[in-house]
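Enquirer: What follows is run.pdb, PDB, C-alpha atoms.
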ATOM      1  CA  MET U   1     -15.508  22.514   6.302
ATOM      2  CA  LYS U   2     -16.706  21.147   2.977
ATOM      3  CA  SER U   3     -14.424  21.811   0.007
ATOM      4  CA  ARG U   4     -15.976  24.189  -2.522
ATOM      5  CA  THR U   5     -13.944  23.432  -5.629
ATOM      6  CA  LEU U   6     -12.169  20.479  -7.192
ATOM      7  CA  LEU U   7      -8.817  22.242  -6.744
ATOM      8  CA  GLU U   8      -9.488  22.823  -3.045
ATOM      9  CA  SER U   9     -10.526  19.179  -2.630
ATOM     10  CA  SER U  10      -7.322  18.076  -4.333
ATOM     11  CA  ARG U  11      -5.228  20.270  -2.049
ATOM     12  CA  ASN U  12      -6.979  18.843   1.006
ATOM     13  CA  ALA U  13      -6.311  15.334  -0.276
ATOM     14  CA  VAL U  14      -2.617  16.143  -0.746
ATOM     15  CA  ASP U  15      -2.482  17.588   2.778
ATOM     16  CA  GLY U  16      -3.965  14.339   4.052
ATOM     17  CA  LEU U  17      -1.369  12.315   2.161
ATOM     18  CA  LEU U  18       1.481  14.412   3.551
ATOM     19  CA  HIS U  19       0.068  13.999   7.068
ATOM     20  CA  VAL U  20       0.049  10.222   6.710
ATOM     21  CA  LEU U  21       3.599  10.252   5.374
ATOM     22  CA  ARG U  22       4.827  12.473   8.202
ATOM     23  CA  CYS U  23       3.114  10.517  10.981
ATOM     24  CA  ASP U  24       3.175   6.929   9.718
ATOM     25  CA  TRP U  25       6.485   5.247   8.919
ATOM     26  CA  HIS U  26       4.561   2.317   7.405
ATOM     27  CA  MET U  27       3.386   4.625   4.616
ATOM     28  CA  ARG U  28       6.918   5.843   3.944
ATOM     29  CA  PHE U  29       8.078   2.243   3.743
ATOM     30  CA  ILE U  30       5.256   1.434   1.302
ATOM     31  CA  CYS U  31       6.358   4.303  -0.981
ATOM     32  CA  LEU U  32       9.982   3.165  -0.957
ATOM     33  CA  LEU U  33       9.005  -0.459  -1.501
ATOM     34  CA  GLY U  34       6.642   0.494  -4.330
ATOM     35  CA  ALA U  35       9.347   2.475  -6.114
ATOM     36  CA  GLY U  36      11.703  -0.484  -5.717
ATOM     37  CA  VAL U  37       9.155  -2.914  -7.153
ATOM     38  CA  MET U  38       8.536  -0.680 -10.173
ATOM     39  CA  LEU U  39      12.300  -0.360 -10.750
ATOM     40  CA  LEU U  40      12.658  -4.132 -10.565
ATOM     41  CA  GLY U  41       9.813  -4.414 -13.052
ATOM     42  CA  ALA U  42      11.673  -2.213 -15.510
ATOM     43  CA  LEU U  43      14.811  -4.323 -15.148
ATOM     44  CA  ALA U  44      12.816  -7.548 -15.575
ATOM     45  CA  ARG U  45      11.026  -6.134 -18.683
ATOM     46  CA  VAL U  46       7.555  -6.981 -17.448
ATOM     47  CA  SER U  47       4.619  -6.610 -19.813
ATOM     48  CA  ARG U  48       2.118  -3.735 -19.788
ATOM     49  CA  LEU U  49      -0.475  -5.928 -18.067
ATOM     50  CA  GLU U  50       2.027  -6.838 -15.376
ATOM     51  CA  VAL U  51       2.896  -3.168 -14.895
ATOM     52  CA  MET U  52      -0.794  -2.443 -14.335
ATOM     53  CA  LEU U  53      -1.071  -5.323 -11.865
ATOM     54  CA  LEU U  54       1.963  -4.142  -9.906
ATOM     55  CA  THR U  55       0.677  -0.565  -9.865
ATOM     56  CA  MET U  56      -2.745  -1.727  -8.688
ATOM     57  CA  ALA U  57      -1.221  -3.822  -5.906
ATOM     58  CA  ILE U  58       0.959  -0.944  -4.660
ATOM     59  CA  CYS U  59      -1.960   1.519  -4.753
ATOM     60  CA  LEU U  60      -4.234  -0.951  -2.932
ATOM     61  CA  VAL U  61      -1.749  -1.364  -0.087
ATOM     62  CA  ALA U  62      -1.275   2.417   0.145
ATOM     63  CA  MET U  63      -5.048   3.017   0.156
ATOM     64  CA  ALA U  64      -5.541   0.439   2.900
ATOM     65  CA  GLU U  65      -2.862   2.094   5.043
ATOM     66  CA  ILE U  66      -4.406   5.553   4.498
ATOM     67  CA  ILE U  67      -7.877   4.317   5.485
ATOM     68  CA  ASN U  68      -6.415   2.538   8.507
ATOM     69  CA  ARG U  69      -4.733   5.764   9.588
ATOM     70  CA  ALA U  70      -8.012   7.662   9.224
ATOM     71  CA  ILE U  71      -9.778   5.076  11.394
ATOM     72  CA  GLU U  72      -7.103   5.415  14.075
ATOM     73  CA  ILE U  73      -7.402   9.213  14.103
ATOM     74  CA  VAL U  74     -11.200   9.137  14.429
ATOM     75  CA  VAL U  75     -11.119   6.478  17.155
ATOM     76  CA  ASP U  76      -8.515   8.393  19.171
ATOM     77  CA  MET U  77     -10.552  11.576  18.819
ATOM     78  CA  VAL U  78     -13.823   9.994  19.914
ATOM     79  CA  ARG U  79     -12.373   7.703  22.588
ATOM     80  CA  PRO U  80      -9.025   9.008  23.931
ATOM     81  CA  SER U  81      -9.054   6.454  26.755
ATOM     82  CA  TYR U  82      -8.944   2.689  26.292
ATOM     83  CA  HIS U  83     -12.140   0.959  25.223
ATOM     84  CA  PRO U  84     -12.544  -2.622  23.946
ATOM     85  CA  MET U  85     -14.538  -1.523  20.899
ATOM     86  CA  ALA U  86     -11.950   1.110  20.051
ATOM     87  CA  LYS U  87      -9.362  -1.667  19.958
ATOM     88  CA  VAL U  88     -11.651  -3.732  17.727
ATOM     89  CA  ALA U  89     -12.043  -0.816  15.291
ATOM     90  CA  LYS U  90      -8.266  -0.397  15.035
ATOM     91  CA  ASP U  91      -7.751  -4.139  14.672
ATOM     92  CA  VAL U  92     -10.284  -4.278  11.828
ATOM     93  CA  GLY U  93      -8.488  -1.437  10.054
ATOM     94  CA  SER U  94      -5.192  -3.267  10.452
ATOM     95  CA  ALA U  95      -6.829  -6.410   9.058
ATOM     96  CA  GLY U  96      -7.694  -4.464   5.906
ATOM     97  CA  VAL U  97      -4.030  -3.496   5.518
ATOM     98  CA  LEU U  98      -2.977  -7.106   6.028
ATOM     99  CA  ALA U  99      -5.409  -8.316   3.349
ATOM    100  CA  ALA U 100      -4.049  -5.729   0.896
ATOM    101  CA  ILE U 101      -0.464  -6.746   1.675
ATOM    102  CA  ILE U 102      -1.284 -10.421   1.068
ATOM    103  CA  PHE U 103      -2.801  -9.501  -2.297
ATOM    104  CA  GLY U 104       0.262  -7.412  -3.140
ATOM    105  CA  VAL U 105       2.646 -10.230  -2.253
ATOM    106  CA  ILE U 106       0.665 -12.663  -4.418
ATOM    107  CA  VAL U 107       0.849 -10.256  -7.387
ATOM    108  CA  VAL U 108       4.596  -9.621  -6.960
ATOM    109  CA  VAL U 109       5.362 -13.328  -6.610
ATOM    110  CA  GLY U 110       3.208 -14.148  -9.629
ATOM    111  CA  VAL U 111       4.952 -11.522 -11.763
ATOM    112  CA  PHE U 112       8.571 -12.127 -10.810
ATOM    113  CA  ILE U 113       8.898 -15.740  -9.689
ATOM    114  CA  ASN U 114       9.078 -17.615 -12.962
ATOM    115  CA  THR U 115      11.939 -19.006 -15.031
ATOM    116  CA  GLU U 116      11.759 -16.433 -17.845
ATOM    117  CA  ARG U 117      11.711 -13.444 -15.492
ATOM    118  CA  LEU U 118      14.571 -14.763 -13.383
ATOM    119  CA  GLN U 119      16.643 -15.314 -16.525
ATOM    120  CA  VAL U 120      16.010 -11.730 -17.604
ATOM    121  CA  LEU U 121      17.087 -10.416 -14.195
ATOM    122  CA  GLN U 122      20.250 -12.512 -14.460
ATOM    123  CA  GLY U 123      20.994 -10.982 -17.857
ATOM    124  CA  ILE U 124      20.583 -14.169 -19.890
ATOM    125  CA  GLY U 125      17.079 -13.663 -21.198
ATOM    126  CA  ASP U 126      16.356 -12.992 -24.868
ATOM    127  CA  ARG U 127      13.411 -10.625 -24.482
ATOM    128  CA  PRO U 128      13.774  -7.120 -25.970
ATOM    129  CA  PRO U 129      14.709  -4.249 -23.650
ATOM    130  CA  PRO U 130      11.908  -2.405 -21.835
ATOM    131  CA  HIS U 131      10.100   0.341 -23.736
ATOM    132  CA  PHE U 132      11.198   3.840 -22.818
ATOM    133  CA  LEU U 133       7.621   4.684 -21.747
ATOM    134  CA  HIS U 134       7.825   1.996 -19.074
ATOM    135  CA  VAL U 135      11.180   3.318 -17.917
ATOM    136  CA  GLY U 136       9.755   6.850 -17.963
ATOM    137  CA  LEU U 137       6.798   5.770 -15.817
ATOM    138  CA  VAL U 138       9.119   4.126 -13.327
ATOM    139  CA  GLY U 139      11.273   7.260 -13.324
ATOM    140  CA  ILE U 140       8.334   9.585 -12.661
ATOM    141  CA  VAL U 141       7.091   7.348  -9.819
ATOM    142  CA  THR U 142      10.593   7.271  -8.322
ATOM    143  CA  VAL U 143      11.083  11.030  -8.636
ATOM    144  CA  VAL U 144       7.655  11.810  -7.143
ATOM    145  CA  SER U 145       8.321   9.361  -4.285
ATOM    146  CA  ALA U 146      11.653  11.088  -3.598
ATOM    147  CA  ILE U 147       9.936  14.495  -3.682
ATOM    148  CA  ILE U 148       7.239  13.427  -1.216
ATOM    149  CA  LEU U 149       9.697  11.774   1.150
ATOM    150  CA  GLY U 150      11.959  14.820   0.967
ATOM    151  CA  LYS U 151       9.099  17.131   1.909
ATOM    152  CA  VAL U 152       8.083  14.792   4.722
ATOM    153  CA  TRP U 153      11.577  14.529   6.175
ATOM    154  CA  GLY U 154      12.116  18.249   5.691
ATOM    155  CA  GLY U 155       9.078  18.897   7.869
ATOM    156  CA  HIS U 156       7.693  21.806   5.840
ATOM    157  CA  GLY U 157       6.082  22.662   2.535
ATOM    158  CA  ARG U 158       3.260  21.208   0.491
ATOM    159  CA  LEU U 159       3.467  18.797  -2.412
ATOM    160  CA  THR U 160       3.380  21.542  -5.058
ATOM    161  CA  ARG U 161       4.846  24.428  -3.056
ATOM    162  CA  GLY U 162       7.877  24.704  -0.797
ATOM    163  CA  GLY U 163       9.647  21.898   0.969
ATOM    164  CA  LEU U 164      13.102  20.335   1.022
ATOM    165  CA  VAL U 165      12.879  19.194  -2.622
ATOM    166  CA  SER U 166      11.630  21.405  -5.464
ATOM    167  CA  ALA U 167       9.033  19.256  -7.250
ATOM    168  CA  HIS U 168       8.890  21.489 -10.335
ATOM    169  CA  SER U 169      12.677  21.490 -10.724
ATOM    170  CA  ALA U 170      12.910  17.726 -10.260
ATOM    171  CA  LEU U 171      10.193  16.954 -12.803
ATOM    172  CA  GLY U 172      11.520  19.578 -15.221
ATOM    173  CA  PHE U 173      15.010  18.098 -15.233
ATOM    174  CA  PHE U 174      13.651  14.552 -15.426
ATOM    175  CA  CYS U 175      11.842  15.593 -18.613
ATOM    176  CA  PHE U 176      15.151  17.030 -19.857
ATOM    177  CA  ILE U 177      16.924  13.708 -19.200
ATOM    178  CA  THR U 178      14.101  11.858 -20.976
ATOM    179  CA  ILE U 179      14.413  14.082 -24.063
ATOM    180  CA  TRP U 180      18.202  13.727 -23.977
ATOM    181  CA  PHE U 181      17.940   9.941 -24.262
ATOM    182  CA  LEU U 182      15.128  10.061 -26.833
ATOM    183  CA  THR U 183      16.814  12.250 -29.434
ATOM    184  CA  PRO U 184      20.402  12.980 -30.545
ATOM    185  CA  ASP U 185      19.352  16.413 -31.868
ATOM    186  CA  ILE U 186      21.524  18.917 -29.992
ATOM    187  CA  VAL U 187      19.048  21.754 -30.603
ATOM    188  CA  VAL U 188      16.170  19.846 -29.020
ATOM    189  CA  ARG U 189      18.403  18.847 -26.119
ATOM    190  CA  GLY U 190      19.485  22.447 -25.643
ATOM    191  CA  LEU U 191      15.899  23.719 -25.660
ATOM    192  CA  ALA U 192      14.874  21.054 -23.132
ATOM    193  CA  LEU U 193      17.744  22.060 -20.850
ATOM    194  CA  ALA U 194      16.864  25.751 -21.190
ATOM    195  CA  LEU U 195      13.240  25.072 -20.230
ATOM    196  CA  ALA U 196      14.304  22.999 -17.226
ATOM    197  CA  VAL U 197      16.660  25.749 -16.068
ATOM    198  CA  LEU U 198      13.923  28.373 -16.477
ATOM    199  CA  VAL U 199      11.537  26.277 -14.374
ATOM    200  CA  ALA U 200      14.159  25.927 -11.638
ATOM    201  CA  GLN U 201      15.014  29.629 -11.777
ATOM    202  CA  SER U 202      11.340  30.611 -11.519
ATOM    203  CA  ARG U 203      11.010  28.717  -8.217
ATOM    204  CA  VAL U 204      13.908  30.693  -6.758
ATOM    205  CA  GLU U 205      12.786  34.034  -8.204
ATOM    206  CA  ALA U 206       9.271  33.536  -6.785
ATOM    207  CA  GLY U 207      10.721  32.884  -3.337
ATOM    208  CA  ILE U 208       9.072  29.455  -3.165
ATOM    209  CA  HIS U 209      12.338  27.518  -2.910
ATOM    210  CA  SER U 210      15.915  28.303  -1.974
ATOM    211  CA  VAL U 211      18.787  27.574  -4.343
ATOM    212  CA  ARG U 212      19.673  24.564  -2.172
ATOM    213  CA  GLU U 213      16.171  23.081  -2.453
ATOM    214  CA  VAL U 214      16.165  23.568  -6.220
ATOM    215  CA  LEU U 215      19.590  21.912  -6.535
ATOM    216  CA  ILE U 216      18.386  18.944  -4.479
ATOM    217  CA  GLY U 217      15.485  18.536  -6.908
ATOM    218  CA  VAL U 218      17.854  18.726  -9.881
ATOM    219  CA  VAL U 219      20.186  16.118  -8.372
ATOM    220  CA  VAL U 220      17.274  13.756  -7.662
ATOM    221  CA  ALA U 221      16.080  14.021 -11.273
ATOM    222  CA  LEU U 222      19.532  13.590 -12.790
ATOM    223  CA  VAL U 223      20.418  10.589 -10.630
ATOM    224  CA  VAL U 224      17.106   8.793 -11.218
ATOM    225  CA  GLY U 225      16.876   9.681 -14.910
ATOM    226  CA  ALA U 226      20.484   8.961 -15.841
ATOM    227  CA  GLY U 227      20.411   5.721 -13.860
ATOM    228  CA  LEU U 228      17.215   4.356 -15.381
ATOM    229  CA  TYR U 229      17.861   5.424 -18.964
ATOM    230  CA  GLY U 230      21.462   4.301 -18.653
ATOM    231  CA  ILE U 231      20.243   0.831 -17.681
ATOM    232  CA  LEU U 232      17.842   0.924 -20.649
ATOM    233  CA  ALA U 233      20.697   1.858 -22.997
ATOM    234  CA  MET U 234      22.843  -0.993 -21.669
ATOM    235  CA  ARG U 235      19.971  -3.457 -22.037
ATOM    236  CA  ALA U 236      19.429  -2.292 -25.599
ATOM    237  CA  GLY U 237      23.124  -2.608 -26.360
ATOM    238  CA  VAL U 238      23.613   1.028 -27.369
TER     239      VAL U 238
END
Once you've parsed the file, please lay out its structure as structure tokens.
Expert:
Amino acid sequence: MKSRTLLESSRNAVDGLLHVLRCDWHMRFICLLGAGVMLLGALARVSRLEVMLLTMAICLVAMAEIINRAIEIVVDMVRPSYHPMAKVAKDVGSAGVLAAIIFGVIVVVGVFINTERLQVLQGIGDRPPPHFLHVGLVGIVTVVSAIILGKVWGGHGRLTRGGLVSAHSALGFFCFITIWFLTPDIVVRGLALALAVLVAQSRVEAGIHSVREVLIGVVVALVVGAGLYGILAMRAGV
């Protein structure tokens, strides 16, 4: 049935993404690899343009895999039994994924394989530490990837409702960690913590998540946030 509203279309798109993640281990590997590449980019202090190139490469590979999965589903539905043209259709879809992967590898090699970047990764470079916005972007991508994978492995829930990991709690506490590292003001830190706790409590009170699922989301946010911002603080020498 055709979606009637933008919200309904977005929900259908999210359902499609979760289906691909549940049924296709290649897509799960792409998400983990993408989060790792973005983390490496933060450590290597890549420029804004390079961040955009890395993001574009990761998204292109993910899009190619999603389209390939859609082709496979349609072919299997139309032609359950073996047919030479069905094999050709699947092979063409796989070729699209391969082309995207080649492009992604070229971008990653071009960004990271140079003398200056390798020196930075070894800790002997003289470039300034990464901007907190870059670290925050990497953190959000990592947290969202962990949320999606948790919901996939948990086998239930949607991206914004239910599931093994509470998305609202994870993002709320990641924002708290971000504010904690941005300001020494104890009042602001306390307010940020209170808001994060209220968000987590609301998910339990509404019956959307159990206490265990909320705590998993909190742990994910604290581990990712403290790790990334701790690395930033060390790089900045504070």
Enquirer: List the neighbours of stretch 16-31 of chain U out to 7 Å using all atoms listed in the file; skip same-chain residues closer than 2 positions along the sequence, and give me the result as a PDB file with C-alpha atoms, in the frame of the given file.
Expert:
ATOM      1  CA  ASN U  12      -6.979  18.843   1.006  1.00  0.00           C
ATOM      2  CA  ALA U  13      -6.311  15.334  -0.276  1.00  0.00           C
ATOM      3  CA  VAL U  14      -2.617  16.143  -0.746  1.00  0.00           C
ATOM      4  CA  LEU U  33       9.005  -0.459  -1.501  1.00  0.00           C
ATOM      5  CA  GLY U  34       6.642   0.494  -4.330  1.00  0.00           C
ATOM      6  CA  ALA U  35       9.347   2.475  -6.114  1.00  0.00           C
ATOM      7  CA  ALA U  62      -1.275   2.417   0.145  1.00  0.00           C
ATOM      8  CA  GLU U  65      -2.862   2.094   5.043  1.00  0.00           C
ATOM      9  CA  ILE U  66      -4.406   5.553   4.498  1.00  0.00           C
ATOM     10  CA  SER U 145       8.321   9.361  -4.285  1.00  0.00           C
ATOM     11  CA  VAL U 152       8.083  14.792   4.722  1.00  0.00           C
TER      12      VAL U 152
END
Enquirer: To one decimal place, how far is atom CA of U:Ile113 from atom CA of U:Ala99 in Å?
Expert: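 Distance between the two atoms: 20.7 Å.
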Enquirer: Counting only C-alpha atoms, select every polymer residue within 10 Å of (-0.8, -7.6, -6.0) as defined in the file's coordinates, and provide the selection as a list in words.
Expert: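 So the residues meeting the distance criterion are Glu50, Met52, Leu53, Leu54, Thr55, Met56, Ala57, Ile58, Cys59, Leu60, Val61, Ala100, Ile101, Ile102, Phe103, Gly104, Val105, Ile106, Val107, Val108, Val109, Gly110 and Val111 of chain U.
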Enquirer: Considering all atoms listed in the file, can you say which of U:Ala196, U:Ala167, U:Val46, U:Leu98 comes closest to U:Asn68?
Expert: U:Leu98
Enquirer: Just say which residues the PyMOL selection byres ((chain U and resi 175-186) around 10) picks in this file, as JSON, numbers by chain.
Expert: {"U": [132, 133, 135, 136, 139, 140, 169, 170, 171, 172, 173, 174, 187, 188, 189, 190, 191, 192, 193, 194, 195, 196, 197, 221, 222, 223, 224, 225, 226, 228, 229, 230, 232, 233]}
Enquirer: Hey, can you check how far atom CA of U:Val97 sits from atom CA of U:Arg45?
Expert: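 Calculated distance between atom CA of U:Val97 and atom CA of U:Arg45 is 28.6 Å.
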Enquirer: Which of these, U:Glu205, U:Glu213, U:Glu8, U:Glu72, has the shortest distance to U:Ala89 once you count all atoms listed in the file?
Expert: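 Distance minimum relative to U:Ala89 lands on U:Glu72.
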Enquirer: Given all atoms listed in the file as the basis, pick out the residue of U:Tyr82, U:Arg212, U:Ser10, U:Val220 nearest to U:Ile147.
Expert: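 Going through U:Tyr82, U:Arg212, U:Ser10, U:Val220 one by one, the smallest distance to U:Ile147 is for U:Val220.
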Enquirer: Have a look at atom CA of U:Ala70 and atom CA of U:Leu32 and let me know their distance in Å, one decimal.
Expert: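 These atoms are spaced 21.2 Å apart.
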Enquirer: Run the PyMOL selection byres ((chain U and resi 71) around 12) mentally over the shown coordinates, then write out the matched residues as a PyMOL selection string, using the chain letters and numbers from the document.
Expert: chain U and resi 64-70+72-79+86-94+96-97
Enquirer: Which centre and edge lengths in Å to one decimal define the box along x, y and z that fits every listed atom of stretch 52-63 of chain U plus 5 Å per side, as JSON?
Expert:
{"center_x": -1.5, "center_y": -1.2, "center_z": -7.1, "size_x": 17.0, "size_y": 18.3, "size_z": 24.5}
Enquirer: Given the choices U:Val219, U:Val204, U:Ala44, U:Val51, which gets closest to U:Val143 if the distance is worked out from only C-alpha atoms?
Expert: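 Ranked by minimum distance to U:Val143, first place goes to U:Val219.
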